[in-house]
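Colleague: Input structure: upload-v8.cif, which contains mmCIF, N, CA and C atoms.
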data_start
#
loop_
_atom_site.label_atom_id
_atom_site.label_comp_id
_atom_site.auth_asym_id
_atom_site.auth_seq_id
_atom_site.Cartn_x
_atom_site.Cartn_y
_atom_site.Cartn_z
N MET P 1 122.79 60.21 127.72
CA MET P 1 122.33 60.88 128.92
C MET P 1 121.61 62.17 128.52
N LYS P 2 120.39 62.34 129.02
CA LYS P 2 119.61 63.56 128.76
C LYS P 2 120.01 64.64 129.76
N LYS P 3 120.29 65.82 129.24
CA LYS P 3 120.65 66.96 130.09
C LYS P 3 119.42 67.84 130.25
N ILE P 4 119.03 68.04 131.51
CA ILE P 4 117.73 68.62 131.83
C ILE P 4 117.85 69.96 132.54
N CYS P 5 116.90 70.84 132.23
CA CYS P 5 116.66 72.07 132.99
C CYS P 5 115.31 71.88 133.68
N ILE P 6 115.28 72.05 134.99
CA ILE P 6 114.01 71.96 135.72
C ILE P 6 113.63 73.36 136.20
N LEU P 7 112.54 73.87 135.66
CA LEU P 7 112.01 75.16 136.10
C LEU P 7 111.00 74.86 137.21
N GLY P 8 111.29 75.31 138.42
CA GLY P 8 110.39 75.05 139.55
C GLY P 8 110.78 73.80 140.32
N VAL P 9 112.04 73.69 140.66
CA VAL P 9 112.59 72.48 141.27
C VAL P 9 112.08 72.23 142.69
N THR P 10 111.60 73.26 143.38
CA THR P 10 111.19 73.07 144.78
C THR P 10 109.72 72.71 144.94
N GLY P 11 108.98 72.69 143.87
CA GLY P 11 107.57 72.29 143.94
C GLY P 11 107.42 70.78 143.87
N SER P 12 106.19 70.33 143.89
CA SER P 12 105.90 68.90 143.89
C SER P 12 106.46 68.18 142.66
N ILE P 13 106.19 68.72 141.48
CA ILE P 13 106.69 68.10 140.25
C ILE P 13 108.21 68.19 140.19
N GLY P 14 108.75 69.33 140.60
CA GLY P 14 110.20 69.50 140.59
C GLY P 14 110.93 68.55 141.50
N THR P 15 110.44 68.38 142.73
CA THR P 15 111.12 67.47 143.66
C THR P 15 110.99 66.02 143.20
N GLN P 16 109.86 65.67 142.61
CA GLN P 16 109.71 64.32 142.07
C GLN P 16 110.67 64.10 140.90
N SER P 17 110.88 65.13 140.11
CA SER P 17 111.83 65.03 138.99
C SER P 17 113.25 64.83 139.50
N VAL P 18 113.60 65.53 140.57
CA VAL P 18 114.92 65.34 141.18
C VAL P 18 115.08 63.89 141.63
N ASP P 19 114.05 63.31 142.22
CA ASP P 19 114.10 61.91 142.65
C ASP P 19 114.34 60.98 141.47
N VAL P 20 113.68 61.24 140.35
CA VAL P 20 113.88 60.42 139.15
C VAL P 20 115.33 60.52 138.68
N VAL P 21 115.87 61.71 138.67
CA VAL P 21 117.27 61.90 138.25
C VAL P 21 118.22 61.20 139.20
N LYS P 22 117.99 61.35 140.52
CA LYS P 22 118.85 60.69 141.51
C LYS P 22 118.85 59.18 141.34
N ASN P 23 117.70 58.62 141.00
CA ASN P 23 117.59 57.17 140.86
C ASN P 23 118.01 56.65 139.49
N ASN P 24 118.32 57.55 138.58
CA ASN P 24 118.73 57.16 137.22
C ASN P 24 119.90 58.01 136.75
N PRO P 25 121.01 57.99 137.48
CA PRO P 25 122.13 58.90 137.17
C PRO P 25 122.80 58.62 135.83
N ASP P 26 122.63 57.44 135.28
CA ASP P 26 123.21 57.14 133.97
C ASP P 26 122.35 57.64 132.83
N GLU P 27 121.10 58.00 133.13
CA GLU P 27 120.17 58.43 132.09
C GLU P 27 119.92 59.93 132.06
N PHE P 28 120.03 60.59 133.23
CA PHE P 28 119.68 62.01 133.33
C PHE P 28 120.70 62.79 134.13
N LYS P 29 120.86 64.06 133.75
CA LYS P 29 121.70 65.00 134.50
C LYS P 29 120.99 66.35 134.50
N ILE P 30 120.85 66.94 135.67
CA ILE P 30 120.27 68.28 135.76
C ILE P 30 121.40 69.28 135.56
N VAL P 31 121.31 70.09 134.50
CA VAL P 31 122.36 71.07 134.23
C VAL P 31 121.96 72.47 134.70
N SER P 32 120.65 72.69 134.86
CA SER P 32 120.18 73.98 135.39
C SER P 32 118.83 73.77 136.05
N MET P 33 118.53 74.68 136.98
CA MET P 33 117.25 74.58 137.68
C MET P 33 116.88 75.93 138.25
N SER P 34 115.59 76.07 138.57
CA SER P 34 115.13 77.31 139.19
C SER P 34 114.26 76.99 140.39
N ALA P 35 114.18 77.98 141.26
CA ALA P 35 113.32 77.88 142.45
C ALA P 35 112.67 79.23 142.68
N GLY P 36 111.53 79.19 143.33
CA GLY P 36 110.84 80.43 143.65
C GLY P 36 111.41 81.04 144.92
N ARG P 37 110.66 80.91 146.00
CA ARG P 37 111.08 81.54 147.25
C ARG P 37 111.52 80.55 148.32
N ASN P 38 111.46 79.28 148.04
CA ASN P 38 111.82 78.28 149.04
C ASN P 38 113.33 77.99 148.94
N ILE P 39 114.11 78.93 149.44
CA ILE P 39 115.56 78.85 149.33
C ILE P 39 116.12 77.72 150.20
N ALA P 40 115.50 77.46 151.33
CA ALA P 40 115.96 76.37 152.20
C ALA P 40 115.86 75.03 151.47
N LEU P 41 114.74 74.77 150.81
CA LEU P 41 114.60 73.52 150.06
C LEU P 41 115.54 73.50 148.87
N LEU P 42 115.72 74.63 148.21
CA LEU P 42 116.67 74.70 147.09
C LEU P 42 118.06 74.29 147.57
N GLU P 43 118.47 74.79 148.71
CA GLU P 43 119.79 74.44 149.23
C GLU P 43 119.88 72.94 149.55
N GLU P 44 118.81 72.35 150.04
CA GLU P 44 118.80 70.90 150.28
C GLU P 44 118.99 70.16 148.96
N ILE P 45 118.28 70.58 147.94
CA ILE P 45 118.40 69.94 146.62
C ILE P 45 119.81 70.12 146.06
N MET P 46 120.40 71.28 146.29
CA MET P 46 121.77 71.53 145.82
C MET P 46 122.77 70.58 146.48
N GLN P 47 122.45 70.06 147.66
CA GLN P 47 123.33 69.10 148.32
C GLN P 47 123.21 67.71 147.71
N VAL P 48 122.08 67.45 147.05
CA VAL P 48 121.80 66.13 146.49
C VAL P 48 122.25 66.00 145.04
N VAL P 49 122.05 67.06 144.27
CA VAL P 49 122.44 67.04 142.85
C VAL P 49 123.41 68.18 142.57
N GLU P 50 124.40 67.90 141.78
CA GLU P 50 125.41 68.89 141.42
C GLU P 50 124.93 69.65 140.18
N VAL P 51 124.54 70.92 140.39
CA VAL P 51 124.03 71.75 139.32
C VAL P 51 124.80 73.06 139.31
N GLU P 52 125.27 73.48 138.15
CA GLU P 52 126.08 74.69 138.06
C GLU P 52 125.24 75.96 137.89
N HIS P 53 124.13 75.88 137.16
CA HIS P 53 123.33 77.07 136.82
C HIS P 53 122.00 77.04 137.55
N ILE P 54 121.76 78.08 138.38
CA ILE P 54 120.58 78.11 139.23
C ILE P 54 119.95 79.50 139.18
N CYS P 55 118.63 79.53 139.02
CA CYS P 55 117.89 80.78 138.98
C CYS P 55 116.89 80.84 140.14
N VAL P 56 116.75 82.02 140.72
CA VAL P 56 115.75 82.25 141.76
C VAL P 56 114.93 83.48 141.37
N VAL P 57 113.86 83.72 142.10
CA VAL P 57 112.96 84.83 141.76
C VAL P 57 113.59 86.19 142.08
N ASN P 58 114.13 86.32 143.28
CA ASN P 58 114.57 87.62 143.78
C ASN P 58 116.08 87.81 143.67
N GLU P 59 116.46 89.04 143.37
CA GLU P 59 117.88 89.37 143.31
C GLU P 59 118.54 89.20 144.67
N GLU P 60 117.84 89.53 145.73
CA GLU P 60 118.40 89.39 147.08
C GLU P 60 118.78 87.93 147.37
N ASP P 61 117.90 87.00 147.00
CA ASP P 61 118.20 85.58 147.19
C ASP P 61 119.38 85.15 146.31
N MET P 62 119.42 85.68 145.09
CA MET P 62 120.53 85.35 144.19
C MET P 62 121.87 85.80 144.80
N LEU P 63 121.89 87.00 145.34
CA LEU P 63 123.13 87.52 145.93
C LEU P 63 123.55 86.70 147.15
N TYR P 64 122.58 86.31 147.97
CA TYR P 64 122.86 85.46 149.13
C TYR P 64 123.50 84.14 148.68
N LEU P 65 122.87 83.49 147.70
CA LEU P 65 123.36 82.19 147.22
C LEU P 65 124.71 82.32 146.52
N ALA P 66 124.87 83.36 145.72
CA ALA P 66 126.15 83.56 145.00
C ALA P 66 127.29 83.76 145.99
N ASN P 67 127.01 84.43 147.08
CA ASN P 67 128.03 84.64 148.10
C ASN P 67 128.35 83.34 148.84
N LYS P 68 127.33 82.55 149.10
CA LYS P 68 127.50 81.30 149.85
C LYS P 68 128.09 80.18 148.99
N TYR P 69 127.77 80.17 147.69
CA TYR P 69 128.22 79.12 146.76
C TYR P 69 128.93 79.77 145.57
N PRO P 70 130.14 80.27 145.77
CA PRO P 70 130.82 81.02 144.69
C PRO P 70 131.21 80.18 143.47
N HIS P 71 131.19 78.87 143.59
CA HIS P 71 131.57 78.00 142.47
C HIS P 71 130.39 77.71 141.53
N LYS P 72 129.22 78.26 141.83
CA LYS P 72 128.05 78.06 140.98
C LYS P 72 127.65 79.39 140.35
N THR P 73 126.85 79.33 139.29
CA THR P 73 126.40 80.54 138.61
C THR P 73 124.92 80.73 138.91
N PHE P 74 124.57 81.92 139.40
CA PHE P 74 123.20 82.21 139.80
C PHE P 74 122.62 83.32 138.95
N TYR P 75 121.30 83.24 138.75
CA TYR P 75 120.54 84.20 137.98
C TYR P 75 119.27 84.52 138.77
N PHE P 76 118.54 85.55 138.33
CA PHE P 76 117.25 85.82 138.97
C PHE P 76 116.26 86.36 137.94
N GLY P 77 115.00 86.21 138.29
CA GLY P 77 113.92 86.77 137.49
C GLY P 77 113.68 86.06 136.17
N THR P 78 112.84 86.68 135.36
CA THR P 78 112.47 86.10 134.06
C THR P 78 113.68 85.97 133.15
N ASP P 79 114.55 86.97 133.13
CA ASP P 79 115.75 86.88 132.29
C ASP P 79 116.61 85.69 132.70
N GLY P 80 116.69 85.43 134.00
CA GLY P 80 117.44 84.28 134.48
C GLY P 80 116.81 82.97 134.07
N LEU P 81 115.48 82.91 134.13
CA LEU P 81 114.78 81.70 133.68
C LEU P 81 115.06 81.43 132.20
N ILE P 82 115.01 82.47 131.41
CA ILE P 82 115.28 82.31 129.97
C ILE P 82 116.71 81.83 129.77
N LYS P 83 117.64 82.40 130.50
CA LYS P 83 119.05 82.02 130.37
C LYS P 83 119.25 80.53 130.68
N ILE P 84 118.72 80.05 131.82
CA ILE P 84 118.97 78.65 132.18
C ILE P 84 118.21 77.67 131.29
N ALA P 85 117.08 78.12 130.73
CA ALA P 85 116.29 77.24 129.85
C ALA P 85 116.87 77.14 128.45
N THR P 86 117.74 78.09 128.10
CA THR P 86 118.29 78.11 126.74
C THR P 86 119.80 77.86 126.71
N LEU P 87 120.35 77.37 127.80
CA LEU P 87 121.77 77.03 127.80
C LEU P 87 122.06 75.99 126.71
N GLU P 88 123.21 76.07 126.14
CA GLU P 88 123.58 75.17 125.04
C GLU P 88 123.52 73.70 125.43
N ASP P 89 123.86 73.37 126.68
CA ASP P 89 123.86 71.97 127.13
C ASP P 89 122.47 71.39 127.34
N VAL P 90 121.46 72.24 127.52
CA VAL P 90 120.12 71.76 127.86
C VAL P 90 119.46 71.07 126.66
N GLU P 91 119.00 69.84 126.90
CA GLU P 91 118.29 69.09 125.87
C GLU P 91 116.79 69.03 126.14
N VAL P 92 116.42 69.04 127.42
CA VAL P 92 115.02 68.94 127.82
C VAL P 92 114.74 69.98 128.89
N VAL P 93 113.65 70.73 128.72
CA VAL P 93 113.20 71.68 129.74
C VAL P 93 111.92 71.13 130.34
N LEU P 94 111.94 70.93 131.64
CA LEU P 94 110.76 70.50 132.36
C LEU P 94 110.21 71.72 133.08
N ASN P 95 109.07 72.21 132.64
CA ASN P 95 108.47 73.40 133.24
C ASN P 95 107.51 72.98 134.33
N ALA P 96 107.91 73.18 135.58
CA ALA P 96 107.07 72.87 136.73
C ALA P 96 106.69 74.14 137.49
N ILE P 97 106.76 75.28 136.81
CA ILE P 97 106.40 76.55 137.42
C ILE P 97 104.89 76.74 137.28
N VAL P 98 104.27 77.16 138.36
CA VAL P 98 102.83 77.37 138.36
C VAL P 98 102.49 78.68 137.64
N GLY P 99 101.49 78.63 136.81
CA GLY P 99 100.97 79.85 136.19
C GLY P 99 101.77 80.37 135.03
N PHE P 100 101.62 81.66 134.79
CA PHE P 100 102.17 82.33 133.61
C PHE P 100 103.69 82.47 133.65
N ALA P 101 104.30 82.43 134.81
CA ALA P 101 105.74 82.72 134.95
C ALA P 101 106.62 81.82 134.10
N GLY P 102 106.19 80.60 133.83
CA GLY P 102 107.01 79.68 133.05
C GLY P 102 106.78 79.73 131.56
N LEU P 103 105.81 80.52 131.11
CA LEU P 103 105.47 80.54 129.69
C LEU P 103 106.59 81.09 128.82
N VAL P 104 107.09 82.27 129.13
CA VAL P 104 108.12 82.90 128.29
C VAL P 104 109.40 82.06 128.26
N PRO P 105 109.92 81.59 129.40
CA PRO P 105 111.12 80.75 129.32
C PRO P 105 110.90 79.48 128.48
N THR P 106 109.72 78.91 128.57
CA THR P 106 109.42 77.70 127.79
C THR P 106 109.38 78.03 126.30
N MET P 107 108.75 79.15 125.95
CA MET P 107 108.71 79.56 124.54
C MET P 107 110.12 79.82 124.01
N LYS P 108 110.95 80.48 124.80
CA LYS P 108 112.33 80.76 124.38
C LYS P 108 113.13 79.46 124.22
N ALA P 109 112.88 78.50 125.10
CA ALA P 109 113.57 77.21 124.98
C ALA P 109 113.14 76.50 123.69
N ILE P 110 111.88 76.57 123.36
CA ILE P 110 111.39 75.96 122.11
C ILE P 110 112.05 76.65 120.92
N GLU P 111 112.11 77.98 120.95
CA GLU P 111 112.76 78.73 119.87
C GLU P 111 114.23 78.36 119.73
N ALA P 112 114.88 78.10 120.86
CA ALA P 112 116.30 77.76 120.86
C ALA P 112 116.55 76.32 120.40
N GLY P 113 115.48 75.56 120.31
CA GLY P 113 115.61 74.17 119.85
C GLY P 113 115.85 73.21 120.97
#
Write the structure described by the file as structure tokens, please.

Modeller:
Amino acid sequence: MKKICILGVTGSIGTQSVDVVKNNPDEFKIVSMSAGRNIALLEEIMQVVEVEHICVVNEEDMLYLANKYPHKTFYFGTDGLIKIATLEDVEVVLNAIVGFAGLVPTMKAIEAG
């Protein structure tokens, strides 16, 4: 089973990736994911897949989610993206973040192996 980090889970590529994981539960598991500002869609995805490590853009959103879902671990910003992309369990990082924001976390994931 491949353990995946999806950076940008609420975008088009991210939601399609979630569908692939849902339809192939014996082959893939999402261990971490990130979302930008679409917190409502992130919460919908959290109901479909069980993920412990989640990163969002804003600290305010992170605090809201951490309060609402105390059994999960939340991060925010670039440091949070790096953290979830370099977790020991992560085998594959799928970068679906638009633009430059996903570059540093992807480079750090490559460095981490």

Colleague: Which residues would end up in the selection if the PyMOL selection byres ((chain P and resi 2) around 7) were applied here, given that I need the answer as a PDB file with N, CA and C atoms, in the frame of the given file?

Modeller:
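Contents of out-v8.pdb, as written:
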ATOM      1  N   MET P   1     122.790  60.210 127.720  1.00  0.00           N
ATOM      2  CA  MET P   1     122.330  60.880 128.920  1.00  0.00           C
ATOM      3  C   MET P   1     121.610  62.170 128.520  1.00  0.00           C
ATOM      4  N   LYS P   3     120.290  65.820 129.240  1.00  0.00           N
ATOM      5  CA  LYS P   3     120.650  66.960 130.090  1.00  0.00           C
ATOM      6  C   LYS P   3     119.420  67.840 130.250  1.00  0.00           C
ATOM      7  N   ILE P   4     119.030  68.040 131.510  1.00  0.00           N
ATOM      8  CA  ILE P   4     117.730  68.620 131.830  1.00  0.00           C
ATOM      9  C   ILE P   4     117.850  69.960 132.540  1.00  0.00           C
ATOM     10  N   ASP P  26     122.630  57.440 135.280  1.00  0.00           N
ATOM     11  CA  ASP P  26     123.210  57.140 133.970  1.00  0.00           C
ATOM     12  C   ASP P  26     122.350  57.640 132.830  1.00  0.00           C
ATOM     13  N   GLU P  27     121.100  58.000 133.130  1.00  0.00           N
ATOM     14  CA  GLU P  27     120.170  58.430 132.090  1.00  0.00           C
ATOM     15  C   GLU P  27     119.920  59.930 132.060  1.00  0.00           C
ATOM     16  N   PHE P  28     120.030  60.590 133.230  1.00  0.00           N
ATOM     17  CA  PHE P  28     119.680  62.010 133.330  1.00  0.00           C
ATOM     18  C   PHE P  28     120.700  62.790 134.130  1.00  0.00           C
ATOM     19  N   LYS P  29     120.860  64.060 133.750  1.00  0.00           N
ATOM     20  CA  LYS P  29     121.700  65.000 134.500  1.00  0.00           C
ATOM     21  C   LYS P  29     120.990  66.350 134.500  1.00  0.00           C
ATOM     22  N   ILE P  30     120.850  66.940 135.670  1.00  0.00           N
ATOM     23  CA  ILE P  30     120.270  68.280 135.760  1.00  0.00           C
ATOM     24  C   ILE P  30     121.400  69.280 135.560  1.00  0.00           C
ATOM     25  N   GLU P  91     119.000  69.840 126.900  1.00  0.00           N
ATOM     26  CA  GLU P  91     118.290  69.090 125.870  1.00  0.00           C
ATOM     27  C   GLU P  91     116.790  69.030 126.140  1.00  0.00           C
ATOM     28  N   VAL P  92     116.420  69.040 127.420  1.00  0.00           N
ATOM     29  CA  VAL P  92     115.020  68.940 127.820  1.00  0.00           C
ATOM     30  C   VAL P  92     114.740  69.980 128.890  1.00  0.00           C
TER      31      VAL P  92
END

Colleague: Find the residues of stretch 25-63 of chain P that sit at most 9 Å from stretch 5-10 of chain P; for each, write down the nearest two atoms and how far apart they are in Å, to one decimal. Count only C-alpha atoms. Sort by chain, then by number going up, and give it as JSON lines.

Modeller:
{"residue": "P:Lys29", "atom": "CA", "partner": "P:Cys5", "partner_atom": "CA", "distance": 8.8}
{"residue": "P:Ile30", "atom": "CA", "partner": "P:Cys5", "partner_atom": "CA", "distance": 5.9}
{"residue": "P:Val31", "atom": "CA", "partner": "P:Cys5", "partner_atom": "CA", "distance": 5.9}
{"residue": "P:Ser32", "atom": "CA", "partner": "P:Cys5", "partner_atom": "CA", "distance": 4.7}
{"residue": "P:Met33", "atom": "CA", "partner": "P:Ile6", "partner_atom": "CA", "distance": 4.6}
{"residue": "P:Ser34", "atom": "CA", "partner": "P:Leu7", "partner_atom": "CA", "distance": 4.9}
{"residue": "P:Ala35", "atom": "CA", "partner": "P:Gly8", "partner_atom": "CA", "distance": 5.0}
{"residue": "P:Gly36", "atom": "CA", "partner": "P:Gly8", "partner_atom": "CA", "distance": 6.8}
{"residue": "P:Arg37", "atom": "CA", "partner": "P:Thr10", "partner_atom": "CA", "distance": 8.8}
{"residue": "P:Asn38", "atom": "CA", "partner": "P:Thr10", "partner_atom": "CA", "distance": 6.8}
{"residue": "P:Ile39", "atom": "CA", "partner": "P:Thr10", "partner_atom": "CA", "distance": 8.6}
{"residue": "P:Leu41", "atom": "CA", "partner": "P:Thr10", "partner_atom": "CA", "distance": 6.3}
{"residue": "P:Leu42", "atom": "CA", "partner": "P:Thr10", "partner_atom": "CA", "distance": 6.2}
{"residue": "P:Ile45", "atom": "CA", "partner": "P:Thr10", "partner_atom": "CA", "distance": 8.1}
{"residue": "P:Cys55", "atom": "CA", "partner": "P:Leu7", "partner_atom": "CA", "distance": 8.6}

Colleague: So what does the PyMOL selection byres (((chain P and resi 57 and name CA) around 9) and name CA) actually pick up in this one, as a short mmCIF file (atom, residue, chain, number, x, y, z; two decimals) with N, CA and C atoms, in the coordinates of the input?

Modeller:
data_model
loop_
_atom_site.label_atom_id
_atom_site.label_comp_id
_atom_site.auth_asym_id
_atom_site.auth_seq_id
_atom_site.Cartn_x
_atom_site.Cartn_y
_atom_site.Cartn_z
N SER P 34 115.59 76.07 138.57
CA SER P 34 115.13 77.31 139.19
C SER P 34 114.26 76.99 140.39
N ALA P 35 114.18 77.98 141.26
CA ALA P 35 113.32 77.88 142.45
C ALA P 35 112.67 79.23 142.68
N GLY P 36 111.53 79.19 143.33
CA GLY P 36 110.84 80.43 143.65
C GLY P 36 111.41 81.04 144.92
N ARG P 37 110.66 80.91 146.00
CA ARG P 37 111.08 81.54 147.25
C ARG P 37 111.52 80.55 148.32
N CYS P 55 118.63 79.53 139.02
CA CYS P 55 117.89 80.78 138.98
C CYS P 55 116.89 80.84 140.14
N VAL P 56 116.75 82.02 140.72
CA VAL P 56 115.75 82.25 141.76
C VAL P 56 114.93 83.48 141.37
N ASN P 58 114.13 86.32 143.28
CA ASN P 58 114.57 87.62 143.78
C ASN P 58 116.08 87.81 143.67
N GLU P 59 116.46 89.04 143.37
CA GLU P 59 117.88 89.37 143.31
C GLU P 59 118.54 89.20 144.67
N GLU P 60 117.84 89.53 145.73
CA GLU P 60 118.40 89.39 147.08
C GLU P 60 118.78 87.93 147.37
N ASP P 61 117.90 87.00 147.00
CA ASP P 61 118.20 85.58 147.19
C ASP P 61 119.38 85.15 146.31
N MET P 62 119.42 85.68 145.09
CA MET P 62 120.53 85.35 144.19
C MET P 62 121.87 85.80 144.80
N TYR P 75 121.30 83.24 138.75
CA TYR P 75 120.54 84.20 137.98
C TYR P 75 119.27 84.52 138.77
N PHE P 76 118.54 85.55 138.33
CA PHE P 76 117.25 85.82 138.97
C PHE P 76 116.26 86.36 137.94
N GLY P 77 115.00 86.21 138.29
CA GLY P 77 113.92 86.77 137.49
C GLY P 77 113.68 86.06 136.17
N THR P 78 112.84 86.68 135.36
CA THR P 78 112.47 86.10 134.06
C THR P 78 113.68 85.97 133.15
N GLY P 80 116.69 85.43 134.00
CA GLY P 80 117.44 84.28 134.48
C GLY P 80 116.81 82.97 134.07
N LEU P 81 115.48 82.91 134.13
CA LEU P 81 114.78 81.70 133.68
C LEU P 81 115.06 81.43 132.20
#

Colleague: What does the distance between atom CA of P:Gly99 and atom C of P:Val49 come to in Å, to one decimal place?

Modeller: 26.1 Å

Colleague: Atom CA of P:His71 and atom CA of P:Ala85 are how many Å apart?

Modeller: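 These atoms are spaced 19.8 Å apart.
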
Colleague: Please identify the alpha helix (DSSP H) residues within chain P (assignment by DSSP from backbone atoms) and present them as a short mmCIF file (atom, residue, chain, number, x, y, z; two decimals) with N, CA and C atoms, keeping the file's coordinate frame.

Modeller:
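Listing of out31.cif after writing:
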data_model
loop_
_atom_site.label_atom_id
_atom_site.label_comp_id
_atom_site.auth_asym_id
_atom_site.auth_seq_id
_atom_site.Cartn_x
_atom_site.Cartn_y
_atom_site.Cartn_z
N SER P 12 106.19 70.33 143.89
CA SER P 12 105.90 68.90 143.89
C SER P 12 106.46 68.18 142.66
N ILE P 13 106.19 68.72 141.48
CA ILE P 13 106.69 68.10 140.25
C ILE P 13 108.21 68.19 140.19
N GLY P 14 108.75 69.33 140.60
CA GLY P 14 110.20 69.50 140.59
C GLY P 14 110.93 68.55 141.50
N THR P 15 110.44 68.38 142.73
CA THR P 15 111.12 67.47 143.66
C THR P 15 110.99 66.02 143.20
N GLN P 16 109.86 65.67 142.61
CA GLN P 16 109.71 64.32 142.07
C GLN P 16 110.67 64.10 140.90
N SER P 17 110.88 65.13 140.11
CA SER P 17 111.83 65.03 138.99
C SER P 17 113.25 64.83 139.50
N VAL P 18 113.60 65.53 140.57
CA VAL P 18 114.92 65.34 141.18
C VAL P 18 115.08 63.89 141.63
N ASP P 19 114.05 63.31 142.22
CA ASP P 19 114.10 61.91 142.65
C ASP P 19 114.34 60.98 141.47
N VAL P 20 113.68 61.24 140.35
CA VAL P 20 113.88 60.42 139.15
C VAL P 20 115.33 60.52 138.68
N VAL P 21 115.87 61.71 138.67
CA VAL P 21 117.27 61.90 138.25
C VAL P 21 118.22 61.20 139.20
N LYS P 22 117.99 61.35 140.52
CA LYS P 22 118.85 60.69 141.51
C LYS P 22 118.85 59.18 141.34
N ASN P 23 117.70 58.62 141.00
CA ASN P 23 117.59 57.17 140.86
C ASN P 23 118.01 56.65 139.49
N ILE P 39 114.11 78.93 149.44
CA ILE P 39 115.56 78.85 149.33
C ILE P 39 116.12 77.72 150.20
N ALA P 40 115.50 77.46 151.33
CA ALA P 40 115.96 76.37 152.20
C ALA P 40 115.86 75.03 151.47
N LEU P 41 114.74 74.77 150.81
CA LEU P 41 114.60 73.52 150.06
C LEU P 41 115.54 73.50 148.87
N LEU P 42 115.72 74.63 148.21
CA LEU P 42 116.67 74.70 147.09
C LEU P 42 118.06 74.29 147.57
N GLU P 43 118.47 74.79 148.71
CA GLU P 43 119.79 74.44 149.23
C GLU P 43 119.88 72.94 149.55
N GLU P 44 118.81 72.35 150.04
CA GLU P 44 118.80 70.90 150.28
C GLU P 44 118.99 70.16 148.96
N ILE P 45 118.28 70.58 147.94
CA ILE P 45 118.40 69.94 146.62
C ILE P 45 119.81 70.12 146.06
N MET P 46 120.40 71.28 146.29
CA MET P 46 121.77 71.53 145.82
C MET P 46 122.77 70.58 146.48
N GLN P 47 122.45 70.06 147.66
CA GLN P 47 123.33 69.10 148.32
C GLN P 47 123.21 67.71 147.71
N VAL P 48 122.08 67.45 147.05
CA VAL P 48 121.80 66.13 146.49
C VAL P 48 122.25 66.00 145.04
N GLU P 59 116.46 89.04 143.37
CA GLU P 59 117.88 89.37 143.31
C GLU P 59 118.54 89.20 144.67
N GLU P 60 117.84 89.53 145.73
CA GLU P 60 118.40 89.39 147.08
C GLU P 60 118.78 87.93 147.37
N ASP P 61 117.90 87.00 147.00
CA ASP P 61 118.20 85.58 147.19
C ASP P 61 119.38 85.15 146.31
N MET P 62 119.42 85.68 145.09
CA MET P 62 120.53 85.35 144.19
C MET P 62 121.87 85.80 144.80
N LEU P 63 121.89 87.00 145.34
CA LEU P 63 123.13 87.52 145.93
C LEU P 63 123.55 86.70 147.15
N TYR P 64 122.58 86.31 147.97
CA TYR P 64 122.86 85.46 149.13
C TYR P 64 123.50 84.14 148.68
N LEU P 65 122.87 83.49 147.70
CA LEU P 65 123.36 82.19 147.22
C LEU P 65 124.71 82.32 146.52
N ALA P 66 124.87 83.36 145.72
CA ALA P 66 126.15 83.56 145.00
C ALA P 66 127.29 83.76 145.99
N ASN P 67 127.01 84.43 147.08
CA ASN P 67 128.03 84.64 148.10
C ASN P 67 128.35 83.34 148.84
N LYS P 68 127.33 82.55 149.10
CA LYS P 68 127.50 81.30 149.85
C LYS P 68 128.09 80.18 148.99
N GLY P 77 115.00 86.21 138.29
CA GLY P 77 113.92 86.77 137.49
C GLY P 77 113.68 86.06 136.17
N THR P 78 112.84 86.68 135.36
CA THR P 78 112.47 86.10 134.06
C THR P 78 113.68 85.97 133.15
N ASP P 79 114.55 86.97 133.13
CA ASP P 79 115.75 86.88 132.29
C ASP P 79 116.61 85.69 132.70
N GLY P 80 116.69 85.43 134.00
CA GLY P 80 117.44 84.28 134.48
C GLY P 80 116.81 82.97 134.07
N LEU P 81 115.48 82.91 134.13
CA LEU P 81 114.78 81.70 133.68
C LEU P 81 115.06 81.43 132.20
N ILE P 82 115.01 82.47 131.41
CA ILE P 82 115.28 82.31 129.97
C ILE P 82 116.71 81.83 129.77
N LYS P 83 117.64 82.40 130.50
CA LYS P 83 119.05 82.02 130.37
C LYS P 83 119.25 80.53 130.68
N ILE P 84 118.72 80.05 131.82
CA ILE P 84 118.97 78.65 132.18
C ILE P 84 118.21 77.67 131.29
N ALA P 85 117.08 78.12 130.73
CA ALA P 85 116.29 77.24 129.85
C ALA P 85 116.87 77.14 128.45
N LEU P 103 105.81 80.52 131.11
CA LEU P 103 105.47 80.54 129.69
C LEU P 103 106.59 81.09 128.82
N VAL P 104 107.09 82.27 129.13
CA VAL P 104 108.12 82.90 128.29
C VAL P 104 109.40 82.06 128.26
N PRO P 105 109.92 81.59 129.40
CA PRO P 105 111.12 80.75 129.32
C PRO P 105 110.90 79.48 128.48
N THR P 106 109.72 78.91 128.57
CA THR P 106 109.42 77.70 127.79
C THR P 106 109.38 78.03 126.30
N MET P 107 108.75 79.15 125.95
CA MET P 107 108.71 79.56 124.54
C MET P 107 110.12 79.82 124.01
N LYS P 108 110.95 80.48 124.80
CA LYS P 108 112.33 80.76 124.38
C LYS P 108 113.13 79.46 124.22
N ALA P 109 112.88 78.50 125.10
CA ALA P 109 113.57 77.21 124.98
C ALA P 109 113.14 76.50 123.69
N ILE P 110 111.88 76.57 123.36
CA ILE P 110 111.39 75.96 122.11
C ILE P 110 112.05 76.65 120.92
N GLU P 111 112.11 77.98 120.95
CA GLU P 111 112.76 78.73 119.87
C GLU P 111 114.23 78.36 119.73
N ALA P 112 114.88 78.10 120.86
CA ALA P 112 116.30 77.76 120.86
C ALA P 112 116.55 76.32 120.40
#

Colleague: Can you tell me how far atom CA of P:Thr73 sits from atom CA of P:His53, in Å to one decimal?

Modeller: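 Between atom CA of P:Thr73 and atom CA of P:His53 the gap works out to 5.0 Å.
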
Colleague: Using DSSP secondary structure from the backbone, list all strand (DSSP E) positions within chain P, as a PyMOL selection string.

Modeller: chain P and resi 2-7+28-35+53-56+73-76+92-95

Colleague: What would the selection look like, as a ChimeraX atom specification, if the PyMOL selection byres ((chain P and resi 86) around 8) were run on the coordinates I just shared?

Modeller: /P:5,80-85,87-90,105,108-110,112-113

Colleague: Of the residues P:Ser17, P:Pro25, P:Glu44, P:Gly11, which is the one nearest to P:Ile97, using all atoms listed in the file?

Modeller: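 Using all atoms listed in the file, P:Ile97 sits closest to P:Gly11.
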